[in-house]
Amino acid sequence: MKTLFRTIALTSLSLFLLTSCGNNPEKSRLYQDKGEDYLYHSQFEEAIEYFDKAIEYQDDNSEAYFHRGCAKYNNYQKEEALKDYLKAIEINPDYLQAYFNIGIYYRSINDHDMACYYFKIAEAKGRPNMEDYTKHCR
């Protein structure tokens, strides 16, 4: 009987910790993984919803911001995507893929100077295969 009570108590505590408010990296990761599934299946609105939840449970989750930016970019919300990429870099200044995606954003609006600026940062931080993106940069 004590074992059953203890098991129920531990299960209840685990569920409480997973559903409680505040910073919860484990729950954030669960939402992020589901968001990535939606993103890779081009279900961008659903992906955004799950990345929103991931960020709600861990507001310093640079990956969730980055991937939400990707979903927004593909959902024709480019300015919002840019904000998410910048937030990912604010949280993790070494997030080289975010620099690259910012370069892609600026290239899409024909701001080649800003595109080059971010492509060069991505290259300097170690992103491979940047030659095609930086070859026309001054």
# chains A, B, ... in the order shown; residues from 1 in each chain; ligands from 1
>>> select_by_dssp(residues="segment 7-106 of chain A", states="helix (DSSP H, G or I)", output="PyMOL selection string")
chain A and resi 7-19+25-40+44-57+62-74+78-91+96-106
>>> residues_around(residues="Lys125 of chain A", least_positions_apart="2", cutoff="8 Å", atoms="only C-alpha atoms", output="count of residues only")
6
>>> atom_distance(atom1="atom CA of Asn23 of chain A", atom2="atom CA of Gln77 of chain A")
27.3 Å
>>> residues_around(residues="Gly103 of chain A", least_positions_apart="6", cutoff="8 Å", atoms="only C-alpha atoms", output="PyMOL selection string")
chain A and resi 114-119
>>> residues_around(residues="Tyr105 of chain A", least_positions_apart="4", cutoff="9 Å", atoms="only C-alpha atoms", output="MDAnalysis selection string")
chainID A and resid 73 78:79 81:82 100:101 109:111 115
>>> residues_around(residues="segment 27-41 of chain A", least_positions_apart="6", cutoff="7 Å", atoms="only C-alpha atoms", output="PyMOL selection string")
chain A and resi 18+47-48+50-51+53-55+57-58+64+71
>>> write_last_selection(atoms="N, CA and C atoms", output="compact mmCIF listing (two decimals), in the first residue's frame")
# COMPACT_ATOMS: atom_id res chain seq x y z
N LEU A 18 5.85 19.23 -14.73
CA LEU A 18 5.77 19.40 -16.17
C LEU A 18 4.70 20.39 -16.58
N ALA A 47 3.16 24.91 -36.75
CA ALA A 47 4.53 25.00 -36.22
C ALA A 47 4.68 26.24 -35.35
N ILE A 48 4.20 27.36 -35.84
CA ILE A 48 4.30 28.62 -35.09
C ILE A 48 3.62 28.48 -33.73
N TYR A 50 3.22 25.82 -31.91
CA TYR A 50 4.02 24.99 -31.02
C TYR A 50 5.30 25.71 -30.59
N PHE A 51 5.91 26.47 -31.47
CA PHE A 51 7.09 27.24 -31.06
C PHE A 51 6.71 28.34 -30.07
N LYS A 53 4.46 28.04 -27.80
CA LYS A 53 4.37 27.32 -26.52
C LYS A 53 5.76 26.98 -25.98
N ALA A 54 6.66 26.58 -26.87
CA ALA A 54 8.02 26.27 -26.43
C ALA A 54 8.66 27.50 -25.80
N ILE A 55 8.44 28.64 -26.40
CA ILE A 55 9.00 29.90 -25.88
C ILE A 55 8.31 30.29 -24.59
N TYR A 57 7.34 28.32 -22.31
CA TYR A 57 7.90 27.52 -21.23
C TYR A 57 9.41 27.73 -21.05
N GLN A 58 10.04 28.37 -22.01
CA GLN A 58 11.48 28.68 -21.86
C GLN A 58 11.78 29.88 -22.75
N ALA A 64 14.00 27.56 -30.46
CA ALA A 64 12.57 27.76 -30.71
C ALA A 64 12.34 29.09 -31.43
N ALA A 71 9.49 29.17 -39.70
CA ALA A 71 8.08 28.93 -40.02
C ALA A 71 7.41 30.22 -40.48
>>> atom_distance(atom1="atom CA of Lys87 of chain A", atom2="atom CA of Asp60 of chain A")
9.0 Å
>>> closest_residue(among="A:Tyr133, A:Arg68, A:Tyr99, A:Asn24", to="Asp84 of chain A", atoms="only C-alpha atoms")
A:Arg68
>>> atom_distance(atom1="atom CA of Glu131 of chain A", atom2="atom CA of Ile104 of chain A")
14.1 Å
